[in-house]
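Engineer: The following block contains the structure, expressed as structure tokens.
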Amino acid sequence: PKRKLKKQKSNNNKLNRRIMSQKVALVTGANKGIGYETAKQLAQEGVTVIAAARNEAKGKASVDELKQQGFDVEFLKLDVDNESDIDAAYDYINSKYGKLDILINNAGIQVESNSWAENTVENIGEQVLRETLDTNFFSVVKLTNKLLPLIKKSNAGRIVNLSSILGSLNLHADPTSPIYDSKLFAYNASKTALNAYTVHLAHALKQTGIKVNAAHPGWVKTDMGSDAAPMNVQDGAKTSVELALIDENGPNGKYLHLGKELPW
């Protein structure tokens with residue numbers, strides 16, 4: 001019995017070492033579009049991916065597709081606006097993996113207009129403004145701060161906040177910039193706030209091995225981006241994946257698109 005117990009403990013230790021050496025990523029809003037493609041590309045790199053979505057049926061269907069392609073992906077029900085879901089996500093990741101190597105805050109909404117060539121600031125409703133900021137900013141802060149203890153247990157934690165070039169105040173103030181006339185106030189302000197969180201969190205964690213960056217995916221053919229967009233989802237996911245896998249010499253506290261810095 002003693003030999004069996006020692007063997008069992010040894011096997012358990014080997015299993016724990018294997019789990020800790022395997023990178024684990026959580027991708028929010030992973031049931032479609034850029035989130036789905038990000039989960040797929042991370043899995044292609046050998047990362048164990050927890051693909052989170054608020055819609056359980058759609059999320060499970062997307063994960064089943066990835067599993068059928070041979071990828072190590074699992075589904076997690078997570079509505080980023082639901083505090084109980086956030087608590088449950090922490091408990092699940094902590095109990096199964098004991099750490100989190102990569103957090104990609106991909107989930108986001110845009111609800112105020114069907115036209116990006118519009119300035120909504122004069123007629124924006126408070127409900128729309130609050131709804132947008134709740135999902136795109138406050139929920140990101142809440143989820144990230146909740147999961148930070150698990151990310152700090154990683155040897156090289158990576159946090160990627162999916163921002164947008166539309167969060168750039170510098171470009172919004174420049175009449176010659178390509179986004180000058182795209183003034184959806186709620187959406188743009190939520191991404192500007194997210195950029196601020198990125199800078200502040202990177203500074204707070206500068207003495208750790210964790211790196212925090214904001215990613216602009218590009219104008220991508222998605223439900224939000226429209227069919228007129230020049231980029232496909234495969235290219236749209238590249239910036240998030242690159243930032244998720246950077247080494248210790250990679251950027252920190254930066255605002256990036258395909259390796260190039262954007263002006264704040």
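Identifiers for the structure tokens are assigned positionally: chains receive A, B, ... in sequence, residues are indexed from 1 per chain, and ligands are indexed from 1 in the order shown.
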Please identify the alpha helix (DSSP H) residues within range 70-245 of chain A (assignment by DSSP from backbone atoms) and present them as a short mmCIF file (atom, residue, chain, number, x, y, z; two decimals) with C-alpha atoms, in the first residue's frame.
Structural biologist:
data_model
loop_
_atom_site.label_atom_id
_atom_site.label_comp_id
_atom_site.auth_asym_id
_atom_site.auth_seq_id
_atom_site.Cartn_x
_atom_site.Cartn_y
_atom_site.Cartn_z
CA GLU A 83 -20.45 39.00 -11.80
CA SER A 84 -21.50 35.45 -10.92
CA ASP A 85 -20.08 34.22 -14.23
CA ILE A 86 -16.82 36.02 -13.52
CA ASP A 87 -16.57 34.41 -10.08
CA ALA A 88 -17.37 31.01 -11.59
CA ALA A 89 -14.69 31.49 -14.26
CA TYR A 90 -12.09 32.15 -11.57
CA ASP A 91 -13.16 29.08 -9.60
CA TYR A 92 -13.11 26.86 -12.69
CA ILE A 93 -9.66 27.95 -13.90
CA ASN A 94 -8.21 27.84 -10.40
CA SER A 95 -9.52 24.35 -9.65
CA LYS A 96 -8.57 22.83 -13.01
CA GLU A 126 -27.33 57.60 -21.25
CA GLN A 127 -28.45 53.98 -21.43
CA VAL A 128 -26.44 53.33 -24.60
CA LEU A 129 -23.41 55.04 -23.13
CA ARG A 130 -23.60 53.05 -19.91
CA GLU A 131 -24.28 49.75 -21.69
CA THR A 132 -21.28 50.21 -23.96
CA LEU A 133 -18.92 51.24 -21.18
CA SER A 139 -16.39 44.39 -17.23
CA VAL A 140 -12.86 44.09 -18.60
CA VAL A 141 -11.46 45.72 -15.47
CA LYS A 142 -13.59 43.51 -13.22
CA LEU A 143 -12.71 40.26 -15.01
CA THR A 144 -9.01 41.04 -15.32
CA ASN A 145 -8.61 42.08 -11.70
CA LYS A 146 -10.48 38.96 -10.60
CA LEU A 147 -8.16 36.71 -12.60
CA LEU A 148 -4.92 38.52 -11.77
CA PRO A 149 -4.00 36.18 -8.90
CA LEU A 150 -4.06 33.29 -11.39
CA ILE A 151 -2.11 35.24 -14.01
CA LEU A 169 -7.56 60.57 -29.16
CA ASN A 170 -4.51 61.64 -31.14
CA LEU A 171 -6.01 60.43 -34.42
CA HIS A 172 -9.52 61.66 -33.59
CA PHE A 185 -18.95 58.49 -29.01
CA ALA A 186 -19.88 55.56 -26.75
CA TYR A 187 -17.83 52.96 -28.59
CA ASN A 188 -14.82 55.20 -29.12
CA ALA A 189 -14.83 56.43 -25.51
CA SER A 190 -14.99 52.85 -24.23
CA LYS A 191 -11.87 51.96 -26.18
CA THR A 192 -10.06 55.10 -25.04
CA ALA A 193 -10.86 54.12 -21.45
CA LEU A 194 -9.64 50.59 -22.16
CA ASN A 195 -6.36 52.02 -23.45
CA ALA A 196 -5.97 53.97 -20.21
CA TYR A 197 -6.53 50.79 -18.21
CA THR A 198 -3.90 49.02 -20.31
CA VAL A 199 -1.29 51.69 -19.53
CA HIS A 200 -2.11 51.80 -15.83
CA LEU A 201 -2.18 48.01 -15.42
CA ALA A 202 1.11 47.59 -17.27
CA HIS A 203 2.67 50.10 -14.90
CA ALA A 204 1.22 48.37 -11.84
CA VAL A 233 -10.75 37.40 -39.50
CA GLN A 234 -7.54 35.40 -39.89
CA ASP A 235 -5.54 38.62 -40.21
CA GLY A 236 -7.71 40.35 -37.61
CA LYS A 238 -2.98 38.06 -35.64
CA THR A 239 -2.23 41.03 -33.37
CA SER A 240 -3.94 39.45 -30.35
CA VAL A 241 -2.14 36.15 -30.91
CA GLU A 242 1.24 37.81 -31.40
CA LEU A 243 0.86 39.77 -28.16
CA ALA A 244 -0.32 36.67 -26.31
#
Engineer: Write down as a VMD selection string the residues belonging to range 3-227 of chain A that are assigned strand (DSSP E or B) by DSSP computed on the backbone.
Structural biologist: chain A and resid 24 to 27 48 to 53 73 to 77 102 to 105 119 158 to 162 183 211 to 215 220
Engineer: Write out the residues from the selection above, keeping C-alpha atoms, as a short mmCIF file (atom, residue, chain, number, x, y, z; two decimals), in the first residue's frame.
Structural biologist:
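Final file, again.cif:
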data_model
loop_
_atom_site.label_atom_id
_atom_site.label_comp_id
_atom_site.auth_asym_id
_atom_site.auth_seq_id
_atom_site.Cartn_x
_atom_site.Cartn_y
_atom_site.Cartn_z
CA VAL A 24 -3.53 28.06 -20.71
CA ALA A 25 -5.45 30.91 -22.35
CA LEU A 26 -8.88 32.40 -21.75
CA VAL A 27 -10.44 34.18 -24.72
CA THR A 48 -4.83 25.02 -24.19
CA VAL A 49 -7.66 27.44 -24.91
CA ILE A 50 -10.71 28.16 -22.80
CA ALA A 51 -13.14 29.67 -25.29
CA ALA A 52 -15.64 31.77 -23.36
CA ALA A 53 -18.99 33.06 -24.61
CA VAL A 73 -10.20 23.94 -26.84
CA GLU A 74 -12.88 23.85 -24.17
CA PHE A 75 -16.00 25.93 -23.64
CA LEU A 76 -16.74 28.17 -20.66
CA LYS A 77 -20.01 29.98 -20.15
CA ILE A 102 -2.97 34.31 -21.25
CA LEU A 103 -6.06 36.48 -20.91
CA ILE A 104 -7.49 37.97 -24.09
CA ASN A 105 -10.26 40.44 -23.36
CA ASN A 119 -21.01 61.80 -34.73
CA ARG A 158 0.12 37.94 -20.91
CA ILE A 159 -2.94 40.22 -20.96
CA VAL A 160 -4.28 41.47 -24.28
CA ASN A 161 -7.07 44.04 -24.33
CA LEU A 162 -8.84 44.15 -27.67
CA LYS A 183 -17.17 59.60 -34.08
CA LYS A 211 2.94 42.03 -19.99
CA VAL A 212 -0.19 44.04 -20.77
CA ASN A 213 -0.94 45.47 -24.20
CA ALA A 214 -3.81 46.90 -26.23
CA ALA A 215 -4.44 45.41 -29.68
CA VAL A 220 -12.16 43.24 -40.23
#
Engineer: Pick from A:Tyr97, A:Thr28, A:Thr38, A:Asn114: nearest to Asp81 in chain A, with only C-alpha atoms counted?
Structural biologist: A:Thr28
Engineer: Please indicate the distance in Å from CA of Asp134 in chain A to CA of Ala107 in chain A, rounded to one decimal place.
Structural biologist: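 Rounded to one decimal, the two atoms are 11.6 Å apart.
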Engineer: Have a look at CA of Gln110 in chain A and CA of Asn252 in chain A and let me know their distance in Å, one decimal.
Structural biologist: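 So the answer is 27.0 Å.
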Engineer: Can you list, as JSON, numbers by chain, every protein, DNA or RNA residue that comes within 9 Å of range 248-250 of chain A when you count only C-alpha atoms, leaving out same-chain residues fewer than 6 positions away?
Structural biologist: {"A": [156, 209, 210, 211]}
Engineer: Using N, CA, C and O atoms, can you export the residues from the last selection as a short mmCIF file (atom, residue, chain, number, x, y, z; two decimals), in the first residue's frame?
Structural biologist:
data_model
loop_
_atom_site.label_atom_id
_atom_site.label_comp_id
_atom_site.auth_asym_id
_atom_site.auth_seq_id
_atom_site.Cartn_x
_atom_site.Cartn_y
_atom_site.Cartn_z
N ALA A 156 4.97 33.54 -17.30
CA ALA A 156 5.03 34.65 -18.25
C ALA A 156 3.61 35.06 -18.63
O ALA A 156 3.15 34.79 -19.74
N GLY A 209 6.57 39.49 -14.30
CA GLY A 209 6.82 39.02 -15.66
C GLY A 209 5.62 39.18 -16.58
O GLY A 209 5.64 38.75 -17.72
N ILE A 210 4.57 39.81 -16.06
CA ILE A 210 3.33 39.97 -16.83
C ILE A 210 3.44 41.15 -17.79
O ILE A 210 3.94 42.21 -17.42
N LYS A 211 2.96 40.95 -19.00
CA LYS A 211 2.94 42.03 -19.99
C LYS A 211 1.49 42.31 -20.39
O LYS A 211 0.72 41.38 -20.62
#
Engineer: Hey, can you check how far CA of Lys58 in chain A sits from CA of Asp79 in chain A?
Structural biologist: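 Atom-to-atom, CA of Lys58 in chain A and CA of Asp79 in chain A are spaced 12.8 Å apart.
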Engineer: Leaving out Ser182 in chain A and any residue of its chain fewer than 6 positions from it, which residues lie within 8 Å of it when counting only C-alpha atoms, given as a list in words?
Structural biologist: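 Returned residues: Trp116, Ala117, Glu118, Asn119 and Leu166 of chain A.
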